[in-house]
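Everything on this sheet refers to the single structure shown next.
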Amino acid sequence: MMMVSSKTFSSLQFFTLLYLFTVTFASTDEATALLKWKATFKNQNNSLLASWTPSSDACEDWYGVVCFNGRVNTLNITNSSVIGTLYAFPFSSLPFLENLNLSMNNFSGTIPPEIGNLTNLVYLDLNSNQILGTIPQQIGSPAKLQILRIFDNHLNGSIPEEIGYLRSLTMLSLGRNFLSGSIPASLGNLNNLSSLSLYENQLSGSIPQEIGYLRSLTKLSLGRNFLSGSIPASLGNLNSLSFLFLYENQLSGSIPEEIGYLRSLSELDLSSNSLNGSIPDSLGNLNNLSILILFYNHLSGTIPEEIGNLRSLTMLALGRNFLSGSIPASLGNLNNLSYMFLNDNNLKGKVPQCLGNISGLQVLSMSSNSFSGGVPSSISNLTSLQILDLGRNNLEGVIPQCFGNIISGLQVFDVQNNKLSGTLPTNFSIGSSLISLNLHGNELEGRIPRSLSNCKKLQVLDLGDNHLDDTFPMWLGALTELRVLRLTSNKLHGPIRSSGTEIMFPDLRIIDLSCNAFSEDLPTNLFQHLKGMRTIDQTVEEPSYEADGYYQDSVVVVSKGLKLEVVRILSLYTVIDLSNNKFEGHIPCVLGDLIAIRVLNLSHNRLQGHIPPSLGSLSVVESLDLSFNQLSGEIPQQLASLTYLEFLNLSHNYLQGCIPQGPQSHTFESNSYEGNDGLRGFPVSKGCGNDPVSETNYTVSALDNQESNSEFLNDFWKAALMGYGSGLCIGLSIIYFMISTGNMKWLARIIEELEHKIIMRRRKKRQSQRNYRRRDNRF
């Protein structure tokens, strides 16, 4: 018995040693193959892969390598800063590889078809690399594959039908590539699929009905493609679906009622399509819905009362549609709502008091509708509010005094272009979070409240087009972050004088004081402090709000003679508009130091003196308007070097001399200079030459014409009488012959040729005289 046990033990030892030898041999073979692949990397000094050496144990010591029974089972080198390709990857030498994660590196090139040799692969992650080319058909070979992630690369071509063979697949993520063509219907075979992400590609065609077969699907993300057609009703079969993202496509038709069957749905985004019809009442059944985004469509009809049943809703975005009617009172039941967007519709009626019940609301955007009545006092209950946008409606009455309850935490207050009256709020408190205040286009009266100086974070202040009656609020200059100041079209008056402080509007980019009654000299000391206009900074950022991405500042500027609404105001435009006031005196030379100016408008004032040559330093100015003043002297030659200048208006002044010629001169028409009788040269006259300035240009021109006619007649008769030598008799005989026969054509031809010769001789004579006078003047 002991003998048998001993033999058995010896046999076990033998097979164990044989197995270990085999395992060791196989592991060495795999390690050698991986080292050959590593040798192709462009960064051989990668610190994370320093452990990959022939002398170390691949299964025990190598970074990212995990073995099972001595064979490489997992290779995970995510975010390892590897620069290389997959061409030398040992697909055939790793038969037991189950998990391959090469994500967040710098792998380039294509995916080799040999990837199909990894028959035991369960997890494949190549996301966030530089991989390009098409997805090989062999991707459908690893039958055990459950996770396939190749998003955020440069893949192109179509999605292979063969992916439909991967029946074990639970996640397919191919987003953020350049894939084109249609979504293959074979994806409907992936019964175990829980997540399908194909967003941000160039996919076209319709959404396959077969997607509705994927009963295990919890996430469907097809946004930012070119998908067309209608939303298939079969999506209503996806009872487990939690996330449905079809935004930014070309989908049309109505929203299927069947979407209301998706009781597990928590986020629904169908925005930026061409969907029409009404919002289905069935959406009120989605009790778990927290985000509903339908903006940028063609939806019409009223907002369903049933939306008020969505008690879990935190975001309701219905803006930029054609919705009509009033806001249903049921929306006041949405206690968890933090964001509400109803802007850019055809909604009307009063802003309901019930909105004040939504205590956690952070953003309320109802602009560009037809709401009437007053601003409800219940708004003061919204103490969490960060953005309140009620602009472009028909609201009237006064701004409630209780507005002060929310003003400390509010970042944006926009009620522009309404019919609000009364005075501005006076209770702007210390510690205010206000960044943007836009009250433009109302009927507000009184003075600009001094408490605005407490808003230390204020960047945009637009009080234009009201009835404010005050002097210039120089004390706002202490607001170091203020970038936009618009006080246009009010009853502001008096001179603009320095407050004597060292800090004055250091970051201001747009100042519009036009259409007021400001007087006396232009504020030289103000221009000296505008540091934000002294450097051309392309990295200027727009205001950022905590509710980022949900509001964009916009102002109207007069540029190139047109009123333009500028949205990206802070990064693109630098504007000084002091037009239509009563400013006097000279244009300060210091304006030439503000080299970032793109629009300068000083028109319709009483400015005198010369145009300062320093304006030639405004290298990026696009619009320059100095019209309707009392400017005199010559146009500085330096203005001809302004290559960005697209609009120039110097009309109706007392300018004289030659119009400077430069790269942009041929683009300006004569109306840019009209009303300046002393100007000449292109485009107001045929030529200017280099003669000195004449104070009575048109009078001289008239005299020149008379002199020309007189000289021609004198020269002609001299030639006729003298006969250009001894030919007087012959000449008179020819003339007598032509007159007597009635044939005057020869005479006319001779006179024309003679006139041409005389004129050319006179021009040469004058040119020599001008050159002589120019030499005298130079010395």
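We name chains A, B, ... following the order of the structure tokens; residues begin at 1 in each chain, and ligands are numbered from 1 as shown.
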Output as JSON lines one row per residue of segment 184-239 of chain A within 9 Å of segment 244-268 of chain A: the closest atom pair and its distance in Å to one decimal place, counting only C-alpha atoms, sorted by chain and residue number ascending.
```
{"residue": "A:Tyr199", "atom": "CA", "partner": "A:Leu246", "partner_atom": "CA", "distance": 8.5}
{"residue": "A:Ser204", "atom": "CA", "partner": "A:Asn249", "partner_atom": "CA", "distance": 8.9}
{"residue": "A:Ser206", "atom": "CA", "partner": "A:Leu251", "partner_atom": "CA", "distance": 8.3}
{"residue": "A:Thr218", "atom": "CA", "partner": "A:Leu244", "partner_atom": "CA", "distance": 8.5}
{"residue": "A:Lys219", "atom": "CA", "partner": "A:Leu244", "partner_atom": "CA", "distance": 6.2}
{"residue": "A:Leu220", "atom": "CA", "partner": "A:Leu244", "partner_atom": "CA", "distance": 5.1}
{"residue": "A:Ser221", "atom": "CA", "partner": "A:Phe245", "partner_atom": "CA", "distance": 4.7}
{"residue": "A:Leu222", "atom": "CA", "partner": "A:Leu246", "partner_atom": "CA", "distance": 5.1}
{"residue": "A:Gly223", "atom": "CA", "partner": "A:Leu246", "partner_atom": "CA", "distance": 4.5}
{"residue": "A:Arg224", "atom": "CA", "partner": "A:Glu248", "partner_atom": "CA", "distance": 4.6}
{"residue": "A:Asn225", "atom": "CA", "partner": "A:Asn249", "partner_atom": "CA", "distance": 5.3}
{"residue": "A:Phe226", "atom": "CA", "partner": "A:Asn249", "partner_atom": "CA", "distance": 5.0}
{"residue": "A:Leu227", "atom": "CA", "partner": "A:Asn249", "partner_atom": "CA", "distance": 5.3}
{"residue": "A:Ser228", "atom": "CA", "partner": "A:Leu251", "partner_atom": "CA", "distance": 4.5}
{"residue": "A:Gly229", "atom": "CA", "partner": "A:Leu251", "partner_atom": "CA", "distance": 5.2}
{"residue": "A:Ser230", "atom": "CA", "partner": "A:Ser252", "partner_atom": "CA", "distance": 5.1}
{"residue": "A:Ile231", "atom": "CA", "partner": "A:Ile255", "partner_atom": "CA", "distance": 6.9}
{"residue": "A:Pro232", "atom": "CA", "partner": "A:Pro256", "partner_atom": "CA", "distance": 7.6}
{"residue": "A:Ala233", "atom": "CA", "partner": "A:Pro256", "partner_atom": "CA", "distance": 5.8}
{"residue": "A:Ser234", "atom": "CA", "partner": "A:Glu258", "partner_atom": "CA", "distance": 7.8}
{"residue": "A:Leu235", "atom": "CA", "partner": "A:Ile259", "partner_atom": "CA", "distance": 7.0}
{"residue": "A:Gly236", "atom": "CA", "partner": "A:Glu258", "partner_atom": "CA", "distance": 4.7}
{"residue": "A:Asn237", "atom": "CA", "partner": "A:Leu262", "partner_atom": "CA", "distance": 7.6}
{"residue": "A:Leu238", "atom": "CA", "partner": "A:Leu262", "partner_atom": "CA", "distance": 6.7}
{"residue": "A:Asn239", "atom": "CA", "partner": "A:Leu262", "partner_atom": "CA", "distance": 5.4}
```
**OP:** Quick one: everything within 9 Å of segment 61-63 of chain A, counting only C-alpha atoms, minus sequence neighbours fewer than 4 positions away in the same chain. Send it as JSON, numbers by chain.
**Re:** {"A": [48, 49, 50, 51, 52, 53, 56, 57, 75, 76, 77]}
Original post:
Which residues, written as a list in words, have at least one atom at most 7 Å from Thr488 of chain A, with only C-alpha atoms counted and residues fewer than 3 positions away on the same chain left out?
Top reply: Gly464, Asp465, Asp512, Leu513, Ser514, Cys515 and Asn516 of chain A
Subject >> Long-range neighbours of Gly681 of chain A as a list in words, 8 Å cut-off, only C-alpha atoms, 6 positions minimum in chain >> reply: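 Using only C-alpha atoms, the neighbours found are Cys658, Ile659, Gly687, Cys688 and Gly689 of chain A.
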**OP:** Can you pull out every residue within 9 Å of Ile597 of chain A, counting only C-alpha atoms, but drop anything in the same chain fewer than 4 positions away, and send it as a ChimeraX atom specification?
**Re:** /A:509,533-534,536,573-576,618-622
**OP:** Run DSSP on the backbone and grab whatever in segment 280-390 of chain A lands in strand (DSSP E or B); send it over as a ChimeraX atom specification.
**Re:** /A:291-293,298-301,315-317,322-325,339-341,346-350,363-365,370-372,387-389
**OP:** Find the residue from A:Ser433, A:Asn671, A:Asn285, A:Asn127 that sits nearest to Leu385 of chain A; use only C-alpha atoms when measuring.
**Re:** A:Ser433
Original post:
Looking only at the backbone, which of the residues in segment 125-232 of chain A does DSSP tag as helix (DSSP H, G or I), as a PyMOL selection string?
Top reply: chain A and resi 137-140+161-165+185-189+209-213
**OP:** Find the spatial neighbours of Asn580 of chain A, counting only C-alpha atoms, within a cut-off of 12 Å - ignore same-chain residues fewer than 6 positions away - and output them as a PyMOL selection string.
**Re:** chain A and resi 488-493+512-519+601-607+625-629
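Using only C-alpha atoms, the nearest neighbour of Asn343 of chain A within the list A:Pro304, A:Pro90, A:Gly391, A:Pro523 is A:Gly391.
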